[in-house]
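The data block below is protein-v8.csv; it holds CSV, C-alpha atoms and all ligand atoms.
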```csv
chain,number,residue,atom,x,y,z
A,194,MET,CA,88.7,84.2,92.8
A,195,TRP,CA,89.4,86.7,95.7
A,196,MET,CA,87.0,89.3,96.8
A,197,THR,CA,88.5,92.8,97.2
A,198,LEU,CA,88.7,93.5,100.9
A,199,VAL,CA,88.2,97.1,101.7
A,200,THR,CA,88.5,98.5,105.2
A,201,VAL,CA,87.6,101.8,106.5
A,202,VAL,CA,90.0,104.7,106.0
A,203,PRO,CA,90.1,107.3,108.7
A,204,GLN,CA,90.7,111.0,108.4
A,205,GLY,CA,91.3,111.7,104.7
A,206,CYS,CA,94.5,109.8,104.2
A,207,THR,CA,97.4,111.1,102.3
A,208,PRO,CA,100.4,109.5,100.5
A,209,CYS,CA,102.7,110.9,103.1
A,210,ARG,CA,101.6,111.7,106.7
A,211,HIS,CA,104.6,114.0,107.0
A,212,ARG,CA,103.4,116.1,104.1
A,213,CYS,CA,106.7,115.5,102.3
A,214,ASP,CA,107.1,117.1,99.0
A,215,HIS,CA,109.4,114.5,97.7
A,216,GLY,CA,108.3,111.7,95.5
A,217,HIS,CA,109.8,108.8,97.5
A,218,GLY,CA,110.4,107.0,94.2
A,219,LEU,CA,112.9,108.5,91.8
A,220,GLY,CA,114.7,111.7,92.4
A,221,ARG,CA,113.0,114.6,94.2
A,222,PRO,CA,110.5,116.6,92.2
A,223,ALA,CA,110.7,120.0,93.7
A,224,ASN,CA,107.9,121.4,95.8
A,225,ARG,CA,105.3,118.9,94.8
A,226,ASP,CA,102.3,118.8,97.0
A,227,LEU,CA,101.3,115.1,96.8
A,228,HIS,CA,97.8,115.6,98.1
A,229,GLY,CA,95.7,116.4,95.0
A,230,PRO,CA,94.7,113.9,92.4
A,231,SER,CA,97.1,115.0,89.7
A,232,ASP,CA,99.9,114.9,92.3
A,233,VAL,CA,99.0,111.4,93.2
A,234,GLU,CA,99.2,110.6,89.5
A,235,ALA,CA,102.7,112.0,89.4
A,236,TYR,CA,103.7,110.1,92.5
A,237,ILE,CA,102.4,106.9,90.9
A,238,ARG,CA,104.3,107.6,87.7
A,239,HIS,CA,107.5,108.0,89.7
A,240,LEU,CA,106.9,104.7,91.6
A,241,GLU,CA,106.3,102.9,88.3
A,242,SER,CA,109.0,104.5,86.2
A,243,SER,CA,111.1,102.0,84.4
A,244,ASP,CA,114.2,103.9,85.3
A,245,ARG,CA,113.7,102.6,88.7
A,246,ASP,CA,114.4,99.0,87.8
A,247,ALA,CA,118.1,99.6,87.3
A,248,TRP,CA,118.7,100.3,91.0
A,249,GLN,CA,115.6,98.8,92.6
A,250,ARG,CA,116.3,95.4,91.0
A,251,PRO,CA,112.8,94.2,91.7
A,252,ASP,CA,113.2,90.8,90.1
A,253,GLU,CA,116.3,90.1,92.1
A,254,VAL,CA,114.6,91.3,95.2
A,255,VAL,CA,111.6,88.9,94.7
A,256,ALA,CA,114.0,86.0,93.8
A,257,ALA,CA,115.9,86.7,97.0
A,258,LEU,CA,112.7,86.1,99.0
A,259,LYS,CA,112.8,82.5,97.9
A,260,LEU,CA,109.0,82.2,97.9
A,261,TYR,CA,107.2,78.9,97.6
A,262,PRO,CA,104.6,78.9,94.8
A,263,ASP,CA,101.8,78.7,97.4
A,264,ALA,CA,103.1,81.3,99.9
A,265,TRP,CA,101.0,83.9,101.5
A,266,VAL,CA,102.6,87.3,101.2
A,267,ALA,CA,101.7,90.9,102.2
A,268,ASP,CA,103.1,94.0,100.5
A,269,VAL,CA,102.6,96.8,103.0
A,270,GLY,CA,102.6,100.2,101.4
A,271,SER,CA,102.1,98.6,98.1
A,272,GLY,CA,101.4,101.7,96.1
A,273,PRO,CA,100.2,100.8,92.6
A,274,GLY,CA,101.9,97.4,92.9
A,275,TYR,CA,105.4,97.7,91.5
A,276,PHE,CA,106.3,94.8,93.8
A,277,THR,CA,102.8,93.4,94.4
A,278,ARG,CA,102.4,92.2,90.8
A,279,ARG,CA,105.8,90.6,90.7
A,280,LEU,CA,105.0,88.9,94.0
A,281,ALA,CA,101.7,87.7,92.6
A,282,ARG,CA,103.5,86.0,89.7
A,283,ALA,CA,106.0,84.4,92.1
A,284,VAL,CA,103.2,82.8,94.1
A,285,PRO,CA,100.8,81.5,91.5
A,286,GLU,CA,99.2,79.1,94.0
A,287,GLY,CA,99.4,81.6,96.9
A,288,VAL,CA,98.0,85.0,97.7
A,289,VAL,CA,99.3,88.5,98.0
A,290,PHE,CA,97.6,91.1,100.3
A,291,ALA,CA,98.4,94.6,99.0
A,292,VAL,CA,98.0,97.1,101.9
A,293,ASP,CA,97.9,100.9,101.3
A,294,VAL,CA,96.3,104.0,102.9
A,295,GLU,CA,95.7,105.8,99.6
A,296,PRO,CA,92.7,104.7,97.7
A,297,ARG,CA,94.0,106.0,94.4
A,298,GLN,CA,97.1,103.8,94.7
A,299,LEU,CA,94.9,100.8,95.1
A,300,ASP,CA,92.6,101.9,92.2
A,301,ARG,CA,95.7,101.9,90.0
A,302,LEU,CA,96.7,98.5,91.3
A,303,ASN,CA,93.3,97.2,90.5
A,304,GLU,CA,93.6,98.4,86.9
A,305,HIS,CA,96.9,96.6,86.6
A,306,LEU,CA,95.5,93.5,88.1
A,307,GLY,CA,92.7,93.5,85.6
A,308,ASN,CA,94.9,94.2,82.6
A,309,GLU,CA,97.5,91.6,83.6
A,310,GLY,CA,94.9,88.9,84.6
A,311,LEU,CA,96.3,88.6,88.1
A,312,ARG,CA,93.6,87.0,90.4
A,313,ASN,CA,95.6,86.2,93.5
A,314,VAL,CA,95.9,89.7,95.0
A,315,VAL,CA,93.7,91.1,97.8
A,316,PRO,CA,93.9,94.9,98.0
A,317,VAL,CA,93.5,96.2,101.6
A,318,LEU,CA,92.7,99.9,102.2
A,319,ALA,CA,94.1,100.4,105.7
A,320,PRO,CA,94.3,103.2,108.2
A,321,PRO,CA,97.9,104.5,108.8
A,322,GLU,CA,98.3,102.8,112.2
A,323,ASP,CA,97.1,99.3,111.3
A,324,PRO,CA,97.7,97.2,108.3
A,325,ARG,CA,94.5,95.2,109.1
A,326,LEU,CA,96.1,91.9,108.3
A,327,PRO,CA,94.7,88.7,109.7
A,328,PRO,CA,96.8,87.0,112.4
A,329,ARG,CA,99.4,84.3,111.8
A,330,LEU,CA,98.7,84.0,108.1
A,331,PHE,CA,101.7,85.3,106.2
A,332,ASP,CA,105.0,83.6,105.2
A,333,VAL,CA,106.5,86.9,104.1
A,334,ILE,CA,105.5,90.6,104.7
A,335,LEU,CA,107.4,93.0,102.5
A,336,VAL,CA,107.7,96.7,103.3
A,337,VAL,CA,109.5,98.7,100.6
A,338,ASN,CA,110.3,102.5,101.0
A,339,THR,CA,107.4,102.8,103.4
A,340,TYR,CA,108.8,102.3,106.9
A,341,HIS,CA,109.1,106.0,107.7
A,342,HIS,CA,105.4,106.5,107.0
A,343,PHE,CA,104.3,104.4,109.9
A,344,PRO,CA,103.1,106.2,113.0
A,345,GLN,CA,104.2,104.5,116.3
A,346,ARG,CA,106.6,102.3,114.4
A,347,VAL,CA,107.2,99.7,117.1
A,348,ARG,CA,103.5,99.3,117.6
A,349,TYR,CA,103.1,98.9,113.8
A,350,LEU,CA,105.9,96.3,113.7
A,351,GLU,CA,104.1,94.4,116.5
A,352,ARG,CA,101.0,94.3,114.4
A,353,LEU,CA,103.1,93.0,111.4
A,354,ARG,CA,104.7,90.4,113.6
A,355,SER,CA,101.3,89.1,114.8
A,356,ALA,CA,100.3,88.7,111.1
A,357,LEU,CA,103.3,86.4,110.5
A,358,ARG,CA,103.3,82.6,110.7
A,359,PRO,CA,105.7,81.4,113.4
A,360,ALA,CA,108.4,80.8,110.7
A,361,GLY,CA,107.4,83.8,108.7
A,362,ARG,CA,109.7,86.7,107.7
A,363,LEU,CA,109.3,90.4,107.7
A,364,VAL,CA,111.4,92.1,105.1
A,365,VAL,CA,112.1,95.9,105.3
A,366,ILE,CA,113.8,97.5,102.3
A,367,ASP,CA,114.5,101.2,102.6
A,368,TYR,CA,117.0,103.9,101.6
A,369,HIS,CA,120.3,104.3,103.5
A,370,LYS,CA,120.2,107.5,105.6
A,371,ARG,CA,122.6,109.6,103.5
A,372,ASP,CA,122.5,111.7,100.4
A,373,LEU,CA,121.5,109.5,97.4
A,374,PRO,CA,120.5,110.3,93.8
A,375,VAL,CA,117.1,108.6,94.6
A,376,GLY,CA,114.6,108.7,97.4
A,377,PRO,CA,113.6,111.3,100.0
A,378,PRO,CA,116.1,113.7,101.7
A,379,PRO,CA,118.2,112.2,104.5
A,380,ASP,CA,116.2,113.7,107.3
A,381,HIS,CA,113.1,111.7,106.1
A,382,LYS,CA,115.0,108.4,106.1
A,383,ILE,CA,115.3,106.0,109.0
A,384,ASP,CA,118.8,104.6,109.7
A,385,ARG,CA,119.2,100.9,109.2
A,386,GLU,CA,120.3,100.4,112.9
A,387,VAL,CA,117.2,102.2,114.1
A,388,VAL,CA,115.0,99.8,112.1
A,389,ILE,CA,116.9,96.8,113.6
A,390,GLN,CA,116.5,98.2,117.1
A,391,GLU,CA,112.8,99.0,116.7
A,392,ALA,CA,112.2,95.5,115.3
A,393,ARG,CA,114.0,94.0,118.3
A,394,GLN,CA,111.6,96.0,120.6
A,395,ALA,CA,108.7,94.5,118.6
A,396,GLY,CA,109.9,90.9,119.1
A,397,LEU,CA,111.7,90.5,115.7
A,398,THR,CA,115.3,89.4,115.2
A,399,LEU,CA,117.5,90.1,112.2
A,400,THR,CA,118.3,86.9,110.3
A,401,ASP,CA,119.6,88.1,107.0
A,402,ALA,CA,120.7,91.2,105.2
A,403,PRO,CA,121.4,90.8,101.5
A,404,ASP,CA,123.5,93.7,100.2
A,405,PHE,CA,123.1,93.8,96.5
A,406,LEU,CA,120.9,96.9,96.4
A,407,PRO,CA,123.0,100.1,95.7
A,408,TYR,CA,120.9,102.6,97.7
A,409,GLN,CA,118.9,100.6,100.1
A,410,TYR,CA,119.3,98.2,103.0
A,411,PHE,CA,117.4,94.9,102.8
A,412,LEU,CA,116.6,93.5,106.3
A,413,VAL,CA,115.1,90.1,106.9
A,414,PHE,CA,113.5,89.6,110.4
A,415,ARG,CA,111.9,86.6,112.0
A,416,PRO,CA,109.7,86.6,115.1
A,417,VAL,CA,111.6,85.8,118.3
A,418,ALA,CA,110.2,82.5,119.7
A,419,PRO,CA,108.1,83.1,122.8
A,420,GLN,CA,110.0,82.0,126.0
B,1,LIG,C1,107.2,105.3,98.5
B,1,LIG,S1,105.7,104.5,98.3
B,1,LIG,C2,106.3,102.8,98.1
B,1,LIG,C3,105.3,102.0,97.3
B,1,LIG,C4,105.8,100.5,97.0
B,1,LIG,N1,106.2,99.8,98.2
B,1,LIG,C5,107.0,100.6,96.0
B,1,LIG,O1,108.1,100.3,96.4
B,1,LIG,O2,106.8,100.9,94.8
B,1,LIG,C6,104.9,104.4,99.9
B,1,LIG,C7,103.5,103.9,99.9
B,1,LIG,O3,103.1,103.7,101.2
B,1,LIG,C8,101.8,104.1,101.4
B,1,LIG,N2,101.6,104.4,102.8
B,1,LIG,C9,101.9,105.6,103.5
B,1,LIG,N3,101.6,105.4,104.8
B,1,LIG,C10,101.2,104.2,104.9
B,1,LIG,C11,100.8,103.4,106.1
B,1,LIG,N4,100.8,104.0,107.3
B,1,LIG,N5,100.4,102.1,105.9
B,1,LIG,C12,100.4,101.6,104.7
B,1,LIG,N6,100.8,102.3,103.5
B,1,LIG,C13,101.2,103.5,103.7
B,1,LIG,C14,101.7,105.3,100.4
B,1,LIG,O4,100.3,105.6,100.1
B,1,LIG,C15,102.5,104.8,99.3
B,1,LIG,O5,101.7,104.1,98.3
```
Please re-express this file's structure in C-alpha cells.
Ligand SMILES: C[S@@+](CC[C@H](N)C(=O)[O-])C[C@H]1O[C@@H](n2cnc3c(N)ncnc32)[C@H](O)[C@@H]1O
Amino acid sequence: MWMTLVTVVPQGCTPCRHRCDHGHGLGRPANRDLHGPSDVEAYIRHLESSDRDAWQRPDEVVAALKLYPDAWVADVGSGPGYFTRRLARAVPEGVVFAVDVEPRQLDRLNEHLGNEGLRNVVPVLAPPEDPRLPPRLFDVILVVNTYHHFPQRVRYLERLRSALRPAGRLVVIDYHKRDLPVGPPPDHKIDREVVIQEARQAGLTLTDAPDFLPYQYFLVFRPVAPQ
C-alpha cells in the first residue's frame, strides 16, 4: 500500500555520531566498534533481544500511548523496528513512519515488515539533523533511546514539533542518567530535566510522565499553543 520513502543520507552515517562503543540496547558490550557491518548486526541483535522485553515493557509502552486505530505515528530512531512493528499493529488503519539514519537498520526493518505482513509502515532514511517528516501530520512521535544522538537537539525538537498535529504528542523515552544494568554509560545519557528544558525551548510542554519503566523516563509533550 505504501511506497518506501527514501531520502538522501549525508556523509556516511553511523549508528552513533559520538562513536560510542556501547550497544545502547542491553548491557554494554566492551570495545565494540559499531561502524562495520558485523557490528551493526550485533547492535541490531541487542536492540531485538527478547531479554529486553522484561524492562522495556514494549506492549505497556504502546498501550500507554492510547493510539486510535487510524492514528499517524512516527518512530524516530526506529532501529530495526522493535517499537515500529508494535505501533503498526496498534494502528491498523493508520500509518507509522520509521525514521533512522542507518540504512542497515531500515533493511532489517523491511525484512521484518515483509515477514510479518505489515503494510502500514513508511521507512525514512534521514540525515542526522532532520527527521524529514511532513509538517502537521502526526498524532504521536515516539523517540526511544535515541535522544542523545540528535545534533542540535533544540533545533531537532523544533522539527519534530512542526511535524505534529496541533493536538499531537511527542514522547521521549530514555535512560535515567545514572548507573544502570542496561543502556549506555551515564556520561552519554541526557538527564530528564534537560530534556524537559530543551523541549520547552522548542515550544513543547510536558503533559504527562508515566513512571512504570524501571530504568527510563517516559515524557509526553504537547506543542505550546501559539499566542
Ligand atoms: C539505541 S537505538 C534505538 C532504536 C529503537 N528506538 C529501539 O528502541 O529499539 C538508536 C537508533 O537511532 C538511530 N539514530 C542515530 N542517530 C539518529 C538521528 N540523528 N536521527 C534518527 N535516528 C538516529 C540509530 O541508527 C539507531 O537505530
Can you tell me which residues surround stretch 330-344 of chain A at a distance of at most 7 Å, considering only C-alpha atoms, apart from same-chain residues fewer than 3 positions away, and format the answer as a PDB file with C-alpha atoms, in the coordinates of the input?
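Just written: around-v2.pdb:
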```pdb
ATOM      1  CA  CYS A 209     102.700 110.900 103.100  1.00  0.00           C
ATOM      2  CA  ARG A 210     101.600 111.700 106.700  1.00  0.00           C
ATOM      3  CA  ALA A 264     103.100  81.300  99.900  1.00  0.00           C
ATOM      4  CA  TRP A 265     101.000  83.900 101.500  1.00  0.00           C
ATOM      5  CA  VAL A 266     102.600  87.300 101.200  1.00  0.00           C
ATOM      6  CA  ALA A 267     101.700  90.900 102.200  1.00  0.00           C
ATOM      7  CA  ASP A 268     103.100  94.000 100.500  1.00  0.00           C
ATOM      8  CA  VAL A 269     102.600  96.800 103.000  1.00  0.00           C
ATOM      9  CA  GLY A 270     102.600 100.200 101.400  1.00  0.00           C
ATOM     10  CA  PRO A 321      97.900 104.500 108.800  1.00  0.00           C
ATOM     11  CA  GLU A 322      98.300 102.800 112.200  1.00  0.00           C
ATOM     12  CA  PRO A 327      94.700  88.700 109.700  1.00  0.00           C
ATOM     13  CA  TYR A 349     103.100  98.900 113.800  1.00  0.00           C
ATOM     14  CA  ALA A 356     100.300  88.700 111.100  1.00  0.00           C
ATOM     15  CA  LEU A 357     103.300  86.400 110.500  1.00  0.00           C
ATOM     16  CA  ARG A 358     103.300  82.600 110.700  1.00  0.00           C
ATOM     17  CA  GLY A 361     107.400  83.800 108.700  1.00  0.00           C
ATOM     18  CA  ARG A 362     109.700  86.700 107.700  1.00  0.00           C
ATOM     19  CA  LEU A 363     109.300  90.400 107.700  1.00  0.00           C
ATOM     20  CA  VAL A 364     111.400  92.100 105.100  1.00  0.00           C
ATOM     21  CA  VAL A 365     112.100  95.900 105.300  1.00  0.00           C
ATOM     22  CA  ILE A 366     113.800  97.500 102.300  1.00  0.00           C
ATOM     23  CA  ASP A 367     114.500 101.200 102.600  1.00  0.00           C
ATOM     24  CA  TYR A 368     117.000 103.900 101.600  1.00  0.00           C
ATOM     25  CA  LYS A 382     115.000 108.400 106.100  1.00  0.00           C
ATOM     26  CA  ILE A 383     115.300 106.000 109.000  1.00  0.00           C
TER      27      ILE A 383
END
```
Task: A:Tyr408 surroundings by all atoms listed in the file, 9 Å radius, close-in-sequence under 3 positions cut, as a PyMOL selection string - done: chain A and resi 248-249+367-369+373-376
- [ ] Taking (115.5, 100.1, 112.2) in the file's own coordinates, collect the residues within 12 Å, counting only C-alpha atoms, and hand them back as a PyMOL selection string.
- [x] chain A and resi 340-341+346-347+350+364-370+382-395+397-399+410-414
Open item on the list: From the options A:Phe405, A:Phe290, A:Tyr236, A:Tyr261, which residue's atoms come nearest to ligand LIG 1 (chain B), counting only C-alpha atoms and all ligand atoms?
Closed with: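 Using only C-alpha atoms and all ligand atoms, the shortest distance to ligand LIG 1 (chain B) belongs to A:Tyr236.
Here the question is which of A:Val294, A:Ala360, A:Leu299, A:Leu260 gets nearest to A:Val314 using all atoms listed in the file, and that residue is A:Leu299.
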Task: Selection: 8 Å around A:Thr277, only C-alpha atoms, excl. self and same-chain fewer than 2 positions, as a PyMOL selection string - done: chain A and resi 268+271+274-275+279-281+289+291+314
- [ ] May I ask for the distance between atom CA of A:Ala319 and atom N6 of ligand LIG 1 (chain B), given in Å to one decimal place?
- [x] 7.3 Å
Task: Which of A:Arg250, A:Arg329, A:Arg354, A:Arg312 sits closest to ligand LIG 1 (chain B) [using all atoms listed in the file] - done: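 Among A:Arg250, A:Arg329, A:Arg354, A:Arg312, it is A:Arg250 that comes nearest to ligand LIG 1 (chain B).
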Open item on the list: Report, in Å with one decimal, the straight-line distance from atom C6 of ligand LIG 1 (chain B) to atom CA of A:Asp404.
Closed with: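 Result for atom C6 of ligand LIG 1 (chain B) versus atom CA of A:Asp404: 21.5 Å, one decimal.
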TODO: In Å, rounded to a single decimal, give me how far atom CA of A:Glu351 is from atom N5 of ligand LIG 1 (chain B).
DONE: 13.6 Å
Task: Selected residue, from A:Val317, A:Ala283, A:Leu353, A:Leu240, that lies nearest to ligand LIG 1 (chain B) when counting all atoms listed in the file - done: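 Of A:Val317, A:Ala283, A:Leu353, A:Leu240, the one nearest ligand LIG 1 (chain B), counting all atoms listed in the file, is A:Leu240.
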TODO: Would you mind listing what lies within 9 Å of A:Arg282 as a ChimeraX atom specification, with all atoms listed in the file counted and same-chain residues fewer than 5 positions away left out?
DONE: /A:262,277,311,313
Please produce a file of the residues just selected, as a PDB file, in the coordinates of the input, where the atoms kept are C-alpha atoms.
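Saved to result12.pdb:
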```pdb
ATOM      1  CA  PRO A 262     104.600  78.900  94.800  1.00  0.00           C
ATOM      2  CA  THR A 277     102.800  93.400  94.400  1.00  0.00           C
ATOM      3  CA  LEU A 311      96.300  88.600  88.100  1.00  0.00           C
ATOM      4  CA  ASN A 313      95.600  86.200  93.500  1.00  0.00           C
TER       5      ASN A 313
END
```
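Among the candidate residues A:Val292, A:Glu241, A:Leu258, A:Ser231, the one lying nearest to A:Asp401 is A:Leu258, with distances computed using only C-alpha atoms.
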